[in-house]
file structure08.txt (compact mmCIF, C-alpha atoms)
# COMPACT_ATOMS: atom_id res chain seq x y z
CA ARG Q 1 128.52 31.31 56.85
CA LYS Q 2 126.00 34.14 57.24
CA GLU Q 3 125.58 36.44 54.25
CA VAL Q 4 126.42 39.56 56.26
CA GLU Q 5 128.29 39.42 59.56
CA GLN Q 6 128.97 42.29 61.92
CA ASP Q 7 130.88 42.90 65.13
CA PRO Q 8 128.60 41.66 67.93
CA GLY Q 9 128.88 44.77 70.11
CA PRO Q 10 127.57 46.50 72.12
CA PHE Q 11 130.00 49.39 71.95
CA ASN Q 12 129.92 51.72 74.95
CA VAL Q 13 132.00 54.87 74.38
CA PRO Q 14 132.28 58.35 75.91
CA GLU Q 15 131.34 61.47 73.98
CA GLY Q 16 134.13 62.54 71.66
CA ALA Q 17 135.46 59.02 71.09
CA THR Q 18 136.19 57.50 67.71
CA VAL Q 19 134.52 54.16 67.08
CA ALA Q 20 134.79 51.72 64.17
CA PHE Q 21 132.36 49.05 63.05
CA ASN Q 22 133.33 46.19 60.76
CA CYS Q 23 131.30 43.94 58.55
CA THR Q 24 132.02 41.07 56.14
CA TYR Q 25 129.82 39.71 53.37
CA SER Q 26 129.83 36.34 51.65
CA ASN Q 27 128.62 37.03 48.08
CA SER Q 28 131.53 38.31 46.01
CA ALA Q 29 129.08 39.31 43.24
CA SER Q 30 127.37 41.92 45.45
CA GLN Q 31 127.45 45.39 43.93
CA SER Q 32 125.88 47.80 46.39
CA PHE Q 33 126.60 48.35 50.06
CA PHE Q 34 125.09 50.54 52.74
CA TRP Q 35 125.07 51.45 56.38
CA TYR Q 36 121.64 51.97 57.94
CA ARG Q 37 120.95 53.38 61.38
CA GLN Q 38 118.07 52.10 63.52
CA ASP Q 39 116.91 53.80 66.70
CA CYS Q 40 115.14 51.76 69.36
CA ARG Q 41 111.73 50.54 68.13
CA LYS Q 42 111.98 52.64 64.95
CA GLU Q 43 112.52 51.83 61.29
CA PRO Q 44 115.99 51.60 59.70
CA LYS Q 45 117.15 54.79 58.00
CA LEU Q 46 119.86 55.05 55.37
CA LEU Q 47 123.00 56.52 56.89
CA MET Q 48 125.23 56.30 53.84
CA SER Q 49 126.07 54.23 50.79
CA VAL Q 50 129.53 52.66 50.64
CA TYR Q 51 131.78 52.98 47.60
CA SER Q 52 135.07 51.31 46.72
CA SER Q 53 136.85 54.64 46.80
CA GLY Q 54 135.60 55.29 50.33
CA ASN Q 55 133.26 58.08 51.21
CA GLU Q 56 132.86 60.58 53.98
CA ASP Q 57 129.84 62.45 55.33
CA GLY Q 58 130.81 64.79 58.13
CA ARG Q 59 131.98 62.70 61.07
CA PHE Q 60 131.16 59.43 59.28
CA THR Q 61 133.53 57.57 56.94
CA ALA Q 62 132.66 54.35 55.13
CA GLN Q 63 135.14 52.06 53.38
CA LEU Q 64 134.72 49.02 51.14
CA ASN Q 65 137.37 46.41 50.40
CA ARG Q 66 136.02 44.15 47.63
CA ALA Q 67 139.01 41.81 47.69
CA SER Q 68 138.47 41.04 51.38
CA GLN Q 69 134.66 41.43 51.17
CA TYR Q 70 134.88 43.81 54.08
CA ILE Q 71 132.97 47.01 54.90
CA SER Q 72 133.70 49.48 57.67
CA LEU Q 73 132.13 52.53 59.28
CA LEU Q 74 134.14 55.03 61.30
CA ILE Q 75 132.44 57.58 63.54
CA ARG Q 76 134.62 60.41 64.80
CA ASP Q 77 133.85 62.73 67.73
CA SER Q 78 130.88 60.63 68.89
CA LYS Q 79 127.77 62.48 70.06
CA LEU Q 80 125.08 61.31 72.46
CA SER Q 81 122.70 61.37 69.48
CA ASP Q 82 124.81 58.73 67.69
CA SER Q 83 123.50 56.10 70.13
CA ALA Q 84 121.64 53.60 67.95
CA THR Q 85 122.02 50.25 66.20
CA TYR Q 86 124.08 50.34 63.02
CA LEU Q 87 123.15 47.84 60.35
CA CYS Q 88 125.53 46.73 57.62
CA VAL Q 89 123.55 46.07 54.43
CA VAL Q 90 124.41 44.39 51.13
CA GLU Q 91 122.17 44.42 48.09
CA GLY Q 92 121.30 40.95 46.85
CA GLN Q 93 119.08 39.25 44.29
CA ALA Q 94 119.76 41.57 41.36
CA GLY Q 95 118.77 44.74 43.12
CA THR Q 96 115.71 43.49 44.93
CA ALA Q 97 116.52 42.31 48.43
CA LEU Q 98 118.56 44.17 51.00
CA ILE Q 99 120.51 41.71 53.13
CA PHE Q 100 121.04 43.02 56.64
CA GLY Q 101 123.57 42.10 59.26
CA LYS Q 102 122.37 41.57 62.79
CA GLY Q 103 123.39 45.10 63.75
CA THR Q 104 125.85 46.56 66.22
CA THR Q 105 124.58 48.66 69.10
CA LEU Q 106 126.41 51.86 69.99
CA SER Q 107 125.85 53.65 73.27
CA VAL Q 108 127.53 57.04 73.70
CA SER Q 109 127.64 58.40 77.24
CA SER Q 110 128.49 61.81 78.68
CA GLU L 1 109.84 61.47 57.27
CA THR L 2 110.00 59.04 54.34
CA GLY L 3 106.36 59.35 53.30
CA VAL L 4 105.93 55.58 53.67
CA THR L 5 103.04 54.66 55.97
CA GLN L 6 102.03 51.34 57.47
CA SER L 7 98.93 50.15 59.29
CA PRO L 8 98.18 49.07 61.87
CA THR L 9 101.05 50.12 64.16
CA HIS L 10 100.47 47.26 66.58
CA LEU L 11 98.51 44.03 66.35
CA ILE L 12 97.91 41.07 68.64
CA LYS L 13 96.74 37.75 67.18
CA THR L 14 96.55 34.15 68.33
CA ARG L 15 98.14 31.09 66.75
CA GLY L 16 96.35 29.86 63.65
CA GLN L 17 94.76 33.20 62.81
CA GLN L 18 95.37 35.20 59.66
CA VAL L 19 96.63 38.78 59.44
CA THR L 20 96.81 41.49 56.77
CA LEU L 21 99.30 44.34 57.02
CA ARG L 22 99.17 47.40 54.78
CA CYS L 23 101.75 49.75 53.31
CA SER L 24 101.41 52.96 51.33
CA SER L 25 104.47 53.80 49.30
CA GLN L 26 106.08 57.17 48.84
CA SER L 27 104.73 59.29 46.00
CA GLY L 28 106.52 58.44 42.75
CA HIS L 29 107.69 55.01 43.92
CA ASN L 30 106.58 51.85 42.10
CA THR L 31 108.23 49.14 44.21
CA VAL L 32 107.44 47.82 47.67
CA SER L 33 109.61 45.37 49.62
CA TRP L 34 108.58 43.63 52.84
CA TYR L 35 110.90 42.62 55.66
CA GLN L 36 110.49 40.76 58.96
CA GLN L 37 112.61 41.86 61.92
CA ALA L 38 112.64 39.57 64.94
CA LEU L 39 113.85 40.95 68.26
CA GLY L 40 117.62 41.40 68.29
CA GLN L 41 118.01 40.56 64.61
CA GLY L 42 118.40 42.52 61.40
CA PRO L 43 115.47 42.73 58.99
CA GLN L 44 114.99 39.68 56.72
CA PHE L 45 113.66 40.05 53.17
CA ILE L 46 110.26 38.47 52.62
CA PHE L 47 109.42 39.56 49.06
CA GLN L 48 109.23 42.51 46.70
CA TYR L 49 106.50 43.80 44.41
CA TYR L 50 107.28 45.81 41.31
CA ARG L 51 104.42 47.21 39.23
CA GLU L 52 101.94 44.77 40.79
CA GLU L 53 104.05 41.63 40.20
CA GLU L 54 106.17 39.67 42.69
CA ASN L 55 109.78 40.43 41.84
CA GLY L 56 111.86 38.35 44.21
CA ARG L 57 111.20 36.32 47.32
CA GLY L 58 113.22 35.43 50.38
CA ASN L 59 113.21 32.21 52.37
CA PHE L 60 109.66 32.43 53.72
CA PRO L 61 106.93 29.77 53.42
CA PRO L 62 103.92 30.17 51.08
CA ARG L 63 101.67 31.20 53.96
CA PHE L 64 103.36 34.59 53.57
CA SER L 65 101.76 36.20 50.54
CA GLY L 66 101.32 39.68 49.19
CA LEU L 67 99.65 42.01 46.75
CA GLN L 68 100.44 45.31 45.14
CA PHE L 69 97.68 47.58 43.90
CA PRO L 70 97.59 49.93 40.88
CA ASN L 71 98.40 52.88 43.17
CA TYR L 72 101.51 50.87 44.29
CA SER L 73 100.30 50.40 47.85
CA SER L 74 100.77 46.86 49.12
CA GLU L 75 99.50 44.22 51.51
CA LEU L 76 101.29 41.44 53.34
CA ASN L 77 99.11 38.48 54.34
CA VAL L 78 100.19 35.80 56.76
CA ASN L 79 98.03 32.69 57.22
CA ALA L 80 98.10 30.11 60.02
CA LEU L 81 100.08 32.36 62.34
CA GLU L 82 102.80 30.79 64.46
CA LEU L 83 104.42 32.11 67.64
CA ASP L 84 107.67 32.74 65.72
CA ASP L 85 105.84 35.15 63.41
CA SER L 86 105.94 37.69 66.25
CA ALA L 87 108.13 40.47 64.88
CA LEU L 88 108.30 43.98 63.47
CA TYR L 89 107.13 43.93 59.85
CA LEU L 90 108.68 46.65 57.75
CA CYS L 91 107.81 47.76 54.27
CA ALA L 92 110.15 49.80 52.12
CA SER L 93 109.28 51.71 48.98
CA SER L 94 111.57 52.64 46.13
CA PHE L 95 111.59 53.62 42.51
CA ALA L 96 112.69 50.35 40.89
CA THR L 97 116.11 49.39 42.34
CA ASP L 98 116.89 52.83 43.76
CA THR L 99 117.25 53.49 47.49
CA GLN L 100 114.66 51.79 49.69
CA TYR L 101 112.89 53.98 52.26
CA PHE L 102 111.30 52.25 55.21
CA GLY L 103 107.97 52.82 56.87
CA PRO L 104 107.58 52.83 60.66
CA GLY L 105 106.61 49.16 60.77
CA THR L 106 103.81 47.06 62.23
CA ARG L 107 104.58 45.24 65.45
CA LEU L 108 102.83 41.85 65.41
CA THR L 109 102.49 39.75 68.53
CA VAL L 110 101.24 36.18 68.21
CA LEU L 111 99.99 34.57 71.42

call {"tool": "encode", "arguments": {"input": "structure08.txt", "output": "structure tokens"}}
result
Amino acid sequence: RKEVEQDPGPFNVPEGATVAFNCTYSNSASQSFFWYRQDCRKEPKLLMSVYSSGNEDGRFTAQLNRASQYISLLIRDSKLSDSATYLCVVEGQAGTALIFGKGTTLSVSS
Amino acid sequence: ETGVTQSPTHLIKTRGQQVTLRCSSQSGHNTVSWYQQALGQGPQFIFQYYREEENGRGNFPPRFSGLQFPNYSSELNVNALELDDSALYLCASSFATDTQYFGPGTRLTVL
């Protein structure tokens, strides 16, 4: 089983749509979780950290379910500028390595 | 911008050659992590340097080695290049285990 697994995608949605990405992780001892965004041929950028209580940043909501080892990202009212690859990330090795999923590609069209 | 810089931006090498990639960390950061991102994959952790010492290593062979300097900049060296080493190499700087900020990457092509 891979350490971090994501929906394969790609997701093609119209502007204004709500889209959800899911991710599972294998190490139950993991403590920190993130969503990163990566534009084509660019570096990954931190979108948001994920907390057990859930957290929201504008149109973006992240949820963590430790019992199921499951992480989600919800994007409401999608914009053309949301088109990117979204990477689910789990912190491993006592705070050193970031373990990335393969990424899910989102394409928002007008 | 994150303030993390990498050089060169692109590089073409042939099999068997050696390559050195460089990373300058963000001001105030003392930790540099290196990742390899193959096409269509997520980044994979190579190793991390904290205050000039290796502080964790991923599943990469010994021909991948690194250094961190007193100013916290870092180098990634790859010997005996193989075709599968073609990838985007990313460095990320942080203050200890705080948030990692990525540089723009070096795209390495091995022919």

call {"tool": "closest_atom_pairs", "arguments": {"input": "structure08.txt", "of": "chain L", "to": "chain Q", "cutoff": "10 Å", "atoms": "all atoms listed in the file", "output": "JSON lines"}}
result
{"residue": "L:Glu1", "atom": "CA", "partner": "Q:Lys45", "partner_atom": "CA", "distance": 9.9}
{"residue": "L:Thr2", "atom": "CA", "partner": "Q:Lys45", "partner_atom": "CA", "distance": 9.1}
{"residue": "L:Thr31", "atom": "CA", "partner": "Q:Thr96", "partner_atom": "CA", "distance": 9.4}
{"residue": "L:Val32", "atom": "CA", "partner": "Q:Thr96", "partner_atom": "CA", "distance": 9.7}
{"residue": "L:Ser33", "atom": "CA", "partner": "Q:Ala97", "partner_atom": "CA", "distance": 7.7}
{"residue": "L:Trp34", "atom": "CA", "partner": "Q:Ala97", "partner_atom": "CA", "distance": 9.2}
{"residue": "L:Tyr35", "atom": "CA", "partner": "Q:Leu98", "partner_atom": "CA", "distance": 9.1}
{"residue": "L:Gln37", "atom": "CA", "partner": "Q:Lys102", "partner_atom": "CA", "distance": 9.8}
{"residue": "L:Leu39", "atom": "CA", "partner": "Q:Arg41", "partner_atom": "CA", "distance": 9.8}
{"residue": "L:Gly40", "atom": "CA", "partner": "Q:Lys102", "partner_atom": "CA", "distance": 7.3}
{"residue": "L:Gln41", "atom": "CA", "partner": "Q:Lys102", "partner_atom": "CA", "distance": 4.8}
{"residue": "L:Gly42", "atom": "CA", "partner": "Q:Lys102", "partner_atom": "CA", "distance": 4.3}
{"residue": "L:Pro43", "atom": "CA", "partner": "Q:Phe100", "partner_atom": "CA", "distance": 6.1}
{"residue": "L:Gln44", "atom": "CA", "partner": "Q:Ile99", "partner_atom": "CA", "distance": 6.9}
{"residue": "L:Phe45", "atom": "CA", "partner": "Q:Ala97", "partner_atom": "CA", "distance": 6.0}
{"residue": "L:Ile46", "atom": "CA", "partner": "Q:Ala97", "partner_atom": "CA", "distance": 8.5}
{"residue": "L:Phe47", "atom": "CA", "partner": "Q:Ala97", "partner_atom": "CA", "distance": 7.6}
{"residue": "L:Gln48", "atom": "CA", "partner": "Q:Thr96", "partner_atom": "CA", "distance": 6.8}
{"residue": "L:Tyr49", "atom": "CA", "partner": "Q:Thr96", "partner_atom": "CA", "distance": 9.2}
{"residue": "L:Tyr50", "atom": "CA", "partner": "Q:Thr96", "partner_atom": "CA", "distance": 9.5}
{"residue": "L:Asn55", "atom": "CA", "partner": "Q:Thr96", "partner_atom": "CA", "distance": 7.4}
{"residue": "L:Gly56", "atom": "CA", "partner": "Q:Thr96", "partner_atom": "CA", "distance": 6.5}
{"residue": "L:Arg57", "atom": "CA", "partner": "Q:Ala97", "partner_atom": "CA", "distance": 8.1}
{"residue": "L:Gly58", "atom": "CA", "partner": "Q:Ala97", "partner_atom": "CA", "distance": 7.9}
{"residue": "L:Leu88", "atom": "CA", "partner": "Q:Arg41", "partner_atom": "CA", "distance": 8.7}
{"residue": "L:Tyr89", "atom": "CA", "partner": "Q:Glu43", "partner_atom": "CA", "distance": 9.7}
{"residue": "L:Leu90", "atom": "CA", "partner": "Q:Glu43", "partner_atom": "CA", "distance": 7.4}
{"residue": "L:Cys91", "atom": "CA", "partner": "Q:Glu43", "partner_atom": "CA", "distance": 9.4}
{"residue": "L:Ala92", "atom": "CA", "partner": "Q:Glu43", "partner_atom": "CA", "distance": 9.7}
{"residue": "L:Ala96", "atom": "CA", "partner": "Q:Thr96", "partner_atom": "CA", "distance": 8.5}
{"residue": "L:Thr97", "atom": "CA", "partner": "Q:Gly95", "partner_atom": "CA", "distance": 5.4}
{"residue": "L:Asp98", "atom": "CA", "partner": "Q:Gly95", "partner_atom": "CA", "distance": 8.3}
{"residue": "L:Thr99", "atom": "CA", "partner": "Q:Leu46", "partner_atom": "CA", "distance": 8.4}
{"residue": "L:Gln100", "atom": "CA", "partner": "Q:Leu46", "partner_atom": "CA", "distance": 8.4}
{"residue": "L:Tyr101", "atom": "CA", "partner": "Q:Lys45", "partner_atom": "CA", "distance": 7.2}
{"residue": "L:Phe102", "atom": "CA", "partner": "Q:Glu43", "partner_atom": "CA", "distance": 6.2}
{"residue": "L:Gly103", "atom": "CA", "partner": "Q:Glu43", "partner_atom": "CA", "distance": 6.4}
{"residue": "L:Pro104", "atom": "CA", "partner": "Q:Glu43", "partner_atom": "CA", "distance": 5.1}
{"residue": "L:Gly105", "atom": "CA", "partner": "Q:Glu43", "partner_atom": "CA", "distance": 6.5}
{"residue": "L:Thr106", "atom": "CA", "partner": "Q:Glu43", "partner_atom": "CA", "distance": 10.0}
{"residue": "L:Arg107", "atom": "CA", "partner": "Q:Arg41", "partner_atom": "CA", "distance": 9.3}

call {"tool": "closest_residue", "arguments": {"input": "structure08.txt", "among": "Q:Asp57, Q:Tyr51, Q:Trp35, Q:Val108", "to": "Ala84 in chain Q", "atoms": "only C-alpha atoms"}}
result
Q:Val108

call {"tool": "atom_distance", "arguments": {"input": "structure08.txt", "atom1": "CA of Ala67 in chain Q", "atom2": "CA of Lys2 in chain Q"}}
result
17.9 Å

call {"tool": "axis_aligned_box", "arguments": {"input": "structure08.txt", "around": "range 73-89 of chain Q", "padding_each_side": "3 Å", "output": "JSON"}}
result
{"center_x": 128.1, "center_y": 54.4, "center_z": 63.4, "size_x": 19.0, "size_y": 22.7, "size_z": 24.0}

call {"tool": "residues_around", "arguments": {"input": "structure08.txt", "residues": "Ser27 in chain L", "least_positions_apart": "5", "cutoff": "10 Å", "atoms": "only C-alpha atoms", "output": "list of chain:residue names"}}
result
L:Thr2, L:Gly3, L:Val4, L:Asn71, L:Tyr72, L:Ser93, L:Ser94, L:Phe95

call {"tool": "atom_distance", "arguments": {"input": "structure08.txt", "atom1": "CA of Glu5 in chain Q", "atom2": "CA of Leu108 in chain L"}}
result
26.2 Å

call {"tool": "residues_near_point", "arguments": {"input": "structure08.txt", "point": "(136.3, 49.6, 48.2)", "cutoff": "12 Å", "atoms": "only C-alpha atoms", "output": "list of chain:residue names"}}
result
Q:Gln31, Q:Ser32, Q:Phe33, Q:Ser49, Q:Val50, Q:Tyr51, Q:Ser52, Q:Ser53, Q:Gly54, Q:Asn55, Q:Ala62, Q:Gln63, Q:Leu64, Q:Asn65, Q:Arg66, Q:Ala67, Q:Ser68, Q:Gln69, Q:Tyr70, Q:Ile71, Q:Ser72

call {"tool": "closest_residue", "arguments": {"input": "structure08.txt", "among": "Q:Leu106, Q:Val90, Q:Leu47, Q:Ile75", "to": "Thr18 in chain Q", "atoms": "all atoms listed in the file"}}
result
Q:Ile75

call {"tool": "closest_residue", "arguments": {"input": "structure08.txt", "among": "Q:Ser109, Q:Thr61, Q:Ala20, Q:Tyr36", "to": "Lys79 in chain Q", "atoms": "only C-alpha atoms"}}
result
Q:Ser109

call {"tool": "decode", "arguments": {"input": "structure08.txt", "residues": "range 79-101 of chain L", "atoms": "N, CA, C and O atoms", "output": "PDB file, in the first residue's frame"}}
result
ATOM      1  N   ASN L  79      25.991  11.142  -8.711  1.00  0.00           N
ATOM      2  CA  ASN L  79      27.045  10.511  -9.500  1.00  0.00           C
ATOM      3  C   ASN L  79      26.458   9.440 -10.414  1.00  0.00           C
ATOM      4  O   ASN L  79      25.349   8.948 -10.180  1.00  0.00           O
ATOM      5  N   ALA L  80      27.225   9.086 -11.441  1.00  0.00           N
ATOM      6  CA  ALA L  80      26.857   7.972 -12.330  1.00  0.00           C
ATOM      7  C   ALA L  80      25.406   8.084 -12.768  1.00  0.00           C
ATOM      8  O   ALA L  80      24.589   7.188 -12.534  1.00  0.00           O
ATOM      9  N   LEU L  81      25.066   9.193 -13.389  1.00  0.00           N
ATOM     10  CA  LEU L  81      23.687   9.476 -13.768  1.00  0.00           C
ATOM     11  C   LEU L  81      23.073   8.361 -14.609  1.00  0.00           C
ATOM     12  O   LEU L  81      23.740   7.786 -15.493  1.00  0.00           O
ATOM     13  N   GLU L  82      21.797   8.092 -14.317  1.00  0.00           N
ATOM     14  CA  GLU L  82      21.023   7.110 -15.076  1.00  0.00           C
ATOM     15  C   GLU L  82      19.856   7.832 -15.747  1.00  0.00           C
ATOM     16  O   GLU L  82      19.461   8.931 -15.318  1.00  0.00           O
ATOM     17  N   LEU L  83      19.293   7.189 -16.779  1.00  0.00           N
ATOM     18  CA  LEU L  83      18.180   7.816 -17.502  1.00  0.00           C
ATOM     19  C   LEU L  83      17.028   8.161 -16.559  1.00  0.00           C
ATOM     20  O   LEU L  83      16.388   9.206 -16.690  1.00  0.00           O
ATOM     21  N   ASP L  84      16.772   7.276 -15.588  1.00  0.00           N
ATOM     22  CA  ASP L  84      15.662   7.470 -14.642  1.00  0.00           C
ATOM     23  C   ASP L  84      15.892   8.622 -13.676  1.00  0.00           C
ATOM     24  O   ASP L  84      14.989   8.973 -12.916  1.00  0.00           O
ATOM     25  N   ASP L  85      17.079   9.199 -13.677  1.00  0.00           N
ATOM     26  CA  ASP L  85      17.334  10.366 -12.825  1.00  0.00           C
ATOM     27  C   ASP L  85      16.741  11.633 -13.435  1.00  0.00           C
ATOM     28  O   ASP L  85      16.728  12.680 -12.789  1.00  0.00           O
ATOM     29  N   SER L  86      16.271  11.561 -14.667  1.00  0.00           N
ATOM     30  CA  SER L  86      15.615  12.703 -15.296  1.00  0.00           C
ATOM     31  C   SER L  86      14.373  13.067 -14.490  1.00  0.00           C
ATOM     32  O   SER L  86      13.473  12.232 -14.309  1.00  0.00           O
ATOM     33  N   ALA L  87      14.332  14.307 -14.008  1.00  0.00           N
ATOM     34  CA  ALA L  87      13.245  14.718 -13.118  1.00  0.00           C
ATOM     35  C   ALA L  87      13.403  16.199 -12.791  1.00  0.00           C
ATOM     36  O   ALA L  87      14.398  16.828 -13.146  1.00  0.00           O
ATOM     37  N   LEU L  88      12.412  16.712 -12.065  1.00  0.00           N
ATOM     38  CA  LEU L  88      12.500  18.044 -11.460  1.00  0.00           C
ATOM     39  C   LEU L  88      13.033  17.856 -10.045  1.00  0.00           C
ATOM     40  O   LEU L  88      12.463  17.085  -9.265  1.00  0.00           O
ATOM     41  N   TYR L  89      14.125  18.516  -9.719  1.00  0.00           N
ATOM     42  CA  TYR L  89      14.704  18.426  -8.381  1.00  0.00           C
ATOM     43  C   TYR L  89      14.347  19.701  -7.613  1.00  0.00           C
ATOM     44  O   TYR L  89      14.681  20.814  -8.030  1.00  0.00           O
ATOM     45  N   LEU L  90      13.671  19.487  -6.513  1.00  0.00           N
ATOM     46  CA  LEU L  90      13.161  20.593  -5.708  1.00  0.00           C
ATOM     47  C   LEU L  90      13.893  20.651  -4.385  1.00  0.00           C
ATOM     48  O   LEU L  90      14.117  19.615  -3.756  1.00  0.00           O
ATOM     49  N   CYS L  91      14.249  21.852  -3.963  1.00  0.00           N
ATOM     50  CA  CYS L  91      14.709  21.982  -2.592  1.00  0.00           C
ATOM     51  C   CYS L  91      13.676  22.802  -1.835  1.00  0.00           C
ATOM     52  O   CYS L  91      12.945  23.620  -2.414  1.00  0.00           O
ATOM     53  N   ALA L  92      13.595  22.558  -0.552  1.00  0.00           N
ATOM     54  CA  ALA L  92      12.671  23.264   0.316  1.00  0.00           C
ATOM     55  C   ALA L  92      13.424  23.719   1.552  1.00  0.00           C
ATOM     56  O   ALA L  92      14.209  22.945   2.111  1.00  0.00           O
ATOM     57  N   SER L  93      13.219  24.949   1.958  1.00  0.00           N
ATOM     58  CA  SER L  93      13.872  25.413   3.179  1.00  0.00           C
ATOM     59  C   SER L  93      12.839  25.633   4.267  1.00  0.00           C
ATOM     60  O   SER L  93      11.657  25.880   3.995  1.00  0.00           O
ATOM     61  N   SER L  94      13.308  25.494   5.500  1.00  0.00           N
ATOM     62  CA  SER L  94      12.426  25.664   6.652  1.00  0.00           C
ATOM     63  C   SER L  94      13.270  26.055   7.862  1.00  0.00           C
ATOM     64  O   SER L  94      14.499  25.915   7.847  1.00  0.00           O
ATOM     65  N   PHE L  95      12.577  26.502   8.902  1.00  0.00           N
ATOM     66  CA  PHE L  95      13.250  26.666  10.177  1.00  0.00           C
ATOM     67  C   PHE L  95      12.933  25.402  10.984  1.00  0.00           C
ATOM     68  O   PHE L  95      11.784  25.210  11.396  1.00  0.00           O
ATOM     69  N   ALA L  96      13.889  24.546  11.129  1.00  0.00           N
ATOM     70  CA  ALA L  96      13.720  23.247  11.798  1.00  0.00           C
ATOM     71  C   ALA L  96      12.560  22.502  11.146  1.00  0.00           C
ATOM     72  O   ALA L  96      12.532  22.332   9.946  1.00  0.00           O
ATOM     73  N   THR L  97      11.560  22.079  11.942  1.00  0.00           N
ATOM     74  CA  THR L  97      10.457  21.278  11.388  1.00  0.00           C
ATOM     75  C   THR L  97       9.240  22.121  11.036  1.00  0.00           C
ATOM     76  O   THR L  97       8.148  21.595  10.837  1.00  0.00           O
ATOM     77  N   ASP L  98       9.417  23.433  10.954  1.00  0.00           N
ATOM     78  CA  ASP L  98       8.306  24.292  10.533  1.00  0.00           C
ATOM     79  C   ASP L  98       8.001  24.101   9.046  1.00  0.00           C
ATOM     80  O   ASP L  98       8.658  23.307   8.367  1.00  0.00           O
ATOM     81  N   THR L  99       7.070  24.842   8.534  1.00  0.00           N
ATOM     82  CA  THR L  99       6.620  24.734   7.150  1.00  0.00           C
ATOM     83  C   THR L  99       7.784  24.787   6.164  1.00  0.00           C
ATOM     84  O   THR L  99       8.679  25.623   6.288  1.00  0.00           O
ATOM     85  N   GLN L 100       7.739  23.885   5.184  1.00  0.00           N
ATOM     86  CA  GLN L 100       8.772  23.853   4.152  1.00  0.00           C
ATOM     87  C   GLN L 100       8.314  24.687   2.955  1.00  0.00           C
ATOM     88  O   GLN L 100       7.199  24.511   2.457  1.00  0.00           O
ATOM     89  N   TYR L 101       9.203  25.551   2.485  1.00  0.00           N
ATOM     90  CA  TYR L 101       8.927  26.415   1.331  1.00  0.00           C
ATOM     91  C   TYR L 101       9.839  25.994   0.185  1.00  0.00           C
ATOM     92  O   TYR L 101      11.057  25.926   0.348  1.00  0.00           O
TER      93      TYR L 101
END
